[in-house]
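Have a look at the structure below before the remarks.
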Amino acid sequence: MESGTISLSTLSGGFDAHVTLESGQSYLWRREDGRMYEGDDEGSPWYYTVLDLDEKDHDVTPVPDDEAEPTVVRVRVTDEAVEWEASCDAHDLVTHLLRLDDDLDRIIADAPDRDLVHEAYDAHRGLRLVRDPPFGCLVSFICSAQMRVERIHEMVSSLARAYGDEVEFDGRTYHAFPRPEQLAATTEQDLRDLGLGYRAPYVQRTAEMVASGEAHPADFFDMEYEAARDAMTTFVGVGDKVADCILLFSLGYLEAIPLDTWMQTVVSDYYPECDRGNYAETSRALRETFGGEYAGYVQTYVFHLLRTRED
DNA sequence: TATCCAAGGTAAGTT
DNA sequence: AACTTACCTTGGATA
């Protein structure tokens, strides 16, 4: 096992693993103590992820080892540093996956001058976007349709347990998120039995599209934003909203703002002038209001503020 | 205990 | 192109 630390003093804007990994933007990390979404972050819990990527995922996600074994990485945040332990040297990988290279202080300083935006940024300092591997992110958000955050996480965990490769690390068995061909080999009924409901055929058929080489989410990495969103909807079970999630949480399109039920509420309650009656136009208007380039950061903070505040 | 309802939407059919 | 409707499952609310 290798390990290392990244001093918090070197990170612009700090880092809060609890809010970053339990705010519903990634479903590919879990807590070693199993207490995900129980609201407690006492004792600097370890969060882990297991990567078993295909070739095109690698174009986006730099996993340093070429071993057959999946890569296990875990992270926790103490008062002074981000600590990591992994089956390989994971300094750059951790930095990449958790966007520790983002200049968060500057992003916040450049935020649009709106009360709601200030409130959101003040409420959850250290929340960062993530860079999930493309295929896992794609499947996660296909599963997210009309689901609570906790259950999306259960679905993704079930897929890993049922179809992902096993790997031993530090005396424990871990499961990687399945590779495309592993999910493509399932049947709709298999996935329904896992509790995916009507999303089952979406996941199976999309996995088939990726495994066969017909399309891969990493193909849409370096494109004009709206063209990339349109391209992403070629996958079964992916509409505009899920497409925006993949662009934002995996491919680094920081201007993407997924318009879900929460953000629809934000539009009607705070920015009714942005409601243009359809997804594309409303998205443009809200993106402008949220300052353009880093609108996705604003969206994630506002989304989390609305989800956590009591009223 | 039974019934209802909404949860980070999408696809397919209708007007 | 805009508008409706069906869709799995489940935990929590309501009767």
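The way I read the labels, and the way they are meant: chains A, B, ... in the order of the structure tokens, residue 1 as the first residue of every chain, and ligand 1 as the first ligand shown, with later ones counted on from there.
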
Counting only C-alpha atoms (C1' of nucleotides), collect the residues of chain C whose closest atom lies at most 7 Å from chain A, and write them out as a list of chain:residue names.
C:DC7, C:DC8, C:DT9

Find the residues around Ala17 (chain A) up to 7 Å (only C-alpha atoms (C1' of nucleotides) counted), leave out those fewer than 3 positions away in its own chain, and share them as a ChimeraX atom specification.
/A:20-21,76-77

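Put simply, CA of Phe177 (chain A) is 21.0 Å away from CA of His91 (chain A).
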
I need the chain B residues near chain A as a PDB file with C-alpha atoms (C1' of nucleotides), in the first residue's frame; criterion: at most 10 Å, counting only C-alpha atoms (C1' of nucleotides).
ATOM      1  C1'  DA B   6     -42.846  11.872  -4.833  1.00  0.00           C
ATOM      2  C1'  DA B   7     -38.024  10.898  -5.632  1.00  0.00           C
ATOM      3  C1'  DG B   8     -31.626  15.034  -9.160  1.00  0.00           C
ATOM      4  C1'  DG B   9     -36.377  12.211 -15.854  1.00  0.00           C
ATOM      5  C1'  DT B  10     -36.749   9.877 -20.248  1.00  0.00           C
ATOM      6  C1'  DA B  11     -38.968   7.777 -24.194  1.00  0.00           C
TER       7       DA B  11
END

Would you pick out the contacts of Tyr174 (chain A) at 12 Å or less, using only C-alpha atoms (C1' of nucleotides), so that residues sharing its chain but fewer than 6 positions from it are not included, and give the list as a PDB file with N, CA, C and O atoms, in the first residue's frame?
ATOM      1  N   TRP A  29     -18.042   6.885  -4.866  1.00  0.00           N
ATOM      2  CA  TRP A  29     -17.268   6.839  -3.628  1.00  0.00           C
ATOM      3  C   TRP A  29     -18.169   6.331  -2.505  1.00  0.00           C
ATOM      4  O   TRP A  29     -19.370   6.583  -2.511  1.00  0.00           O
ATOM      5  N   ARG A  30     -17.573   5.645  -1.551  1.00  0.00           N
ATOM      6  CA  ARG A  30     -18.329   5.208  -0.377  1.00  0.00           C
ATOM      7  C   ARG A  30     -17.487   5.388   0.873  1.00  0.00           C
ATOM      8  O   ARG A  30     -16.264   5.534   0.801  1.00  0.00           O
ATOM      9  N   GLU A  32     -15.863   4.093   4.388  1.00  0.00           N
ATOM     10  CA  GLU A  32     -15.404   2.839   4.997  1.00  0.00           C
ATOM     11  C   GLU A  32     -16.296   2.464   6.175  1.00  0.00           C
ATOM     12  O   GLU A  32     -16.496   1.285   6.455  1.00  0.00           O
ATOM     13  N   TYR A  48     -13.709   5.809  -0.042  1.00  0.00           N
ATOM     14  CA  TYR A  48     -12.926   5.056  -1.014  1.00  0.00           C
ATOM     15  C   TYR A  48     -13.661   4.933  -2.341  1.00  0.00           C
ATOM     16  O   TYR A  48     -14.897   5.027  -2.414  1.00  0.00           O
ATOM     17  N   THR A  49     -12.886   4.738  -3.382  1.00  0.00           N
ATOM     18  CA  THR A  49     -13.430   4.419  -4.693  1.00  0.00           C
ATOM     19  C   THR A  49     -12.547   3.346  -5.304  1.00  0.00           C
ATOM     20  O   THR A  49     -11.389   3.187  -4.901  1.00  0.00           O
ATOM     21  N   VAL A  50     -13.096   2.580  -6.225  1.00  0.00           N
ATOM     22  CA  VAL A  50     -12.366   1.491  -6.879  1.00  0.00           C
ATOM     23  C   VAL A  50     -12.492   1.675  -8.381  1.00  0.00           C
ATOM     24  O   VAL A  50     -13.605   1.686  -8.913  1.00  0.00           O
ATOM     25  N   LEU A  51     -11.357   1.826  -9.062  1.00  0.00           N
ATOM     26  CA  LEU A  51     -11.383   2.114 -10.487  1.00  0.00           C
ATOM     27  C   LEU A  51     -10.949   0.904 -11.292  1.00  0.00           C
ATOM     28  O   LEU A  51      -9.942   0.284 -10.989  1.00  0.00           O
ATOM     29  N   ASP A  52     -11.763   0.596 -12.287  1.00  0.00           N
ATOM     30  CA  ASP A  52     -11.449  -0.496 -13.219  1.00  0.00           C
ATOM     31  C   ASP A  52     -11.914  -0.013 -14.584  1.00  0.00           C
ATOM     32  O   ASP A  52     -13.006  -0.328 -15.026  1.00  0.00           O
ATOM     33  N   GLU A  69      -5.403  -5.715 -11.889  1.00  0.00           N
ATOM     34  CA  GLU A  69      -6.215  -5.457 -10.703  1.00  0.00           C
ATOM     35  C   GLU A  69      -6.810  -4.055 -10.734  1.00  0.00           C
ATOM     36  O   GLU A  69      -6.142  -3.105 -11.134  1.00  0.00           O
ATOM     37  N   PRO A  70      -8.043  -3.919 -10.275  1.00  0.00           N
ATOM     38  CA  PRO A  70      -8.603  -2.570 -10.123  1.00  0.00           C
ATOM     39  C   PRO A  70      -7.801  -1.759  -9.101  1.00  0.00           C
ATOM     40  O   PRO A  70      -7.163  -2.318  -8.219  1.00  0.00           O
ATOM     41  N   THR A  71      -7.844  -0.460  -9.238  1.00  0.00           N
ATOM     42  CA  THR A  71      -7.136   0.439  -8.334  1.00  0.00           C
ATOM     43  C   THR A  71      -8.052   0.881  -7.201  1.00  0.00           C
ATOM     44  O   THR A  71      -9.152   1.374  -7.450  1.00  0.00           O
ATOM     45  N   VAL A  72      -7.610   0.679  -5.959  1.00  0.00           N
ATOM     46  CA  VAL A  72      -8.370   1.142  -4.800  1.00  0.00           C
ATOM     47  C   VAL A  72      -7.720   2.413  -4.274  1.00  0.00           C
ATOM     48  O   VAL A  72      -6.498   2.474  -4.117  1.00  0.00           O
ATOM     49  N   VAL A  73      -8.521   3.430  -4.028  1.00  0.00           N
ATOM     50  CA  VAL A  73      -8.023   4.686  -3.473  1.00  0.00           C
ATOM     51  C   VAL A  73      -8.927   5.089  -2.330  1.00  0.00           C
ATOM     52  O   VAL A  73     -10.150   5.016  -2.454  1.00  0.00           O
ATOM     53  N   ARG A  74      -8.325   5.512  -1.214  1.00  0.00           N
ATOM     54  CA  ARG A  74      -9.172   6.087  -0.172  1.00  0.00           C
ATOM     55  C   ARG A  74      -8.571   7.374   0.349  1.00  0.00           C
ATOM     56  O   ARG A  74      -7.358   7.588   0.284  1.00  0.00           O
ATOM     57  N   SER A  87      -3.572   1.549  -3.777  1.00  0.00           N
ATOM     58  CA  SER A  87      -2.787   0.417  -4.264  1.00  0.00           C
ATOM     59  C   SER A  87      -1.712   0.869  -5.239  1.00  0.00           C
ATOM     60  O   SER A  87      -1.040   0.051  -5.851  1.00  0.00           O
ATOM     61  N   SER A 157     -24.008   0.844  -5.932  1.00  0.00           N
ATOM     62  CA  SER A 157     -23.294  -0.138  -5.112  1.00  0.00           C
ATOM     63  C   SER A 157     -23.715  -1.559  -5.481  1.00  0.00           C
ATOM     64  O   SER A 157     -22.878  -2.464  -5.546  1.00  0.00           O
ATOM     65  N   ALA A 160     -21.986  -2.668  -8.587  1.00  0.00           N
ATOM     66  CA  ALA A 160     -20.587  -3.015  -8.333  1.00  0.00           C
ATOM     67  C   ALA A 160     -20.479  -4.396  -7.674  1.00  0.00           C
ATOM     68  O   ALA A 160     -19.655  -5.226  -8.069  1.00  0.00           O
ATOM     69  N   ARG A 161     -21.316  -4.618  -6.663  1.00  0.00           N
ATOM     70  CA  ARG A 161     -21.282  -5.914  -5.964  1.00  0.00           C
ATOM     71  C   ARG A 161     -21.601  -7.066  -6.899  1.00  0.00           C
ATOM     72  O   ARG A 161     -20.975  -8.116  -6.862  1.00  0.00           O
ATOM     73  N   ALA A 162     -22.585  -6.857  -7.774  1.00  0.00           N
ATOM     74  CA  ALA A 162     -23.061  -7.948  -8.624  1.00  0.00           C
ATOM     75  C   ALA A 162     -22.163  -8.208  -9.832  1.00  0.00           C
ATOM     76  O   ALA A 162     -21.982  -9.349 -10.239  1.00  0.00           O
ATOM     77  N   GLY A 164     -19.056  -6.080 -10.720  1.00  0.00           N
ATOM     78  CA  GLY A 164     -17.721  -5.509 -10.772  1.00  0.00           C
ATOM     79  C   GLY A 164     -16.656  -6.507 -10.331  1.00  0.00           C
ATOM     80  O   GLY A 164     -16.937  -7.415  -9.555  1.00  0.00           O
ATOM     81  N   ASP A 165     -15.437  -6.322 -10.812  1.00  0.00           N
ATOM     82  CA  ASP A 165     -14.325  -7.175 -10.386  1.00  0.00           C
ATOM     83  C   ASP A 165     -14.019  -6.946  -8.911  1.00  0.00           C
ATOM     84  O   ASP A 165     -14.136  -5.833  -8.412  1.00  0.00           O
ATOM     85  N   GLU A 166     -13.592  -8.026  -8.265  1.00  0.00           N
ATOM     86  CA  GLU A 166     -13.194  -7.919  -6.861  1.00  0.00           C
ATOM     87  C   GLU A 166     -11.704  -7.643  -6.784  1.00  0.00           C
ATOM     88  O   GLU A 166     -10.941  -8.051  -7.652  1.00  0.00           O
ATOM     89  N   VAL A 167     -11.318  -6.959  -5.720  1.00  0.00           N
ATOM     90  CA  VAL A 167      -9.893  -6.731  -5.488  1.00  0.00           C
ATOM     91  C   VAL A 167      -9.645  -6.680  -3.984  1.00  0.00           C
ATOM     92  O   VAL A 167     -10.473  -6.170  -3.222  1.00  0.00           O
ATOM     93  N   GLU A 168      -8.525  -7.266  -3.570  1.00  0.00           N
ATOM     94  CA  GLU A 168      -8.141  -7.240  -2.156  1.00  0.00           C
ATOM     95  C   GLU A 168      -7.277  -6.015  -1.909  1.00  0.00           C
ATOM     96  O   GLU A 168      -6.388  -5.698  -2.706  1.00  0.00           O
TER      97      GLU A 168
END

Please, which residues of region 52-119 of chain A, numbered as in this document, come out helix (DSSP H, G or I) from DSSP, as an MDAnalysis selection string?
chainID A and resid 55:60 91:97 104:109 115:119

Spatial neighbours of Asp230 (chain A), max dist 12 Å, only C-alpha atoms (C1' of nucleotides), sep filter under 3 positions, as number ranges by chain
A: 217, 220, 223-227, 233-235, 238-244, 246-247, 279-280

Quick one: everything within 12 Å of DA12 (chain B), counting only C-alpha atoms (C1' of nucleotides), minus sequence neighbours fewer than 5 positions away in the same chain. Send it as a PyMOL selection string.
chain C and resi 4-7
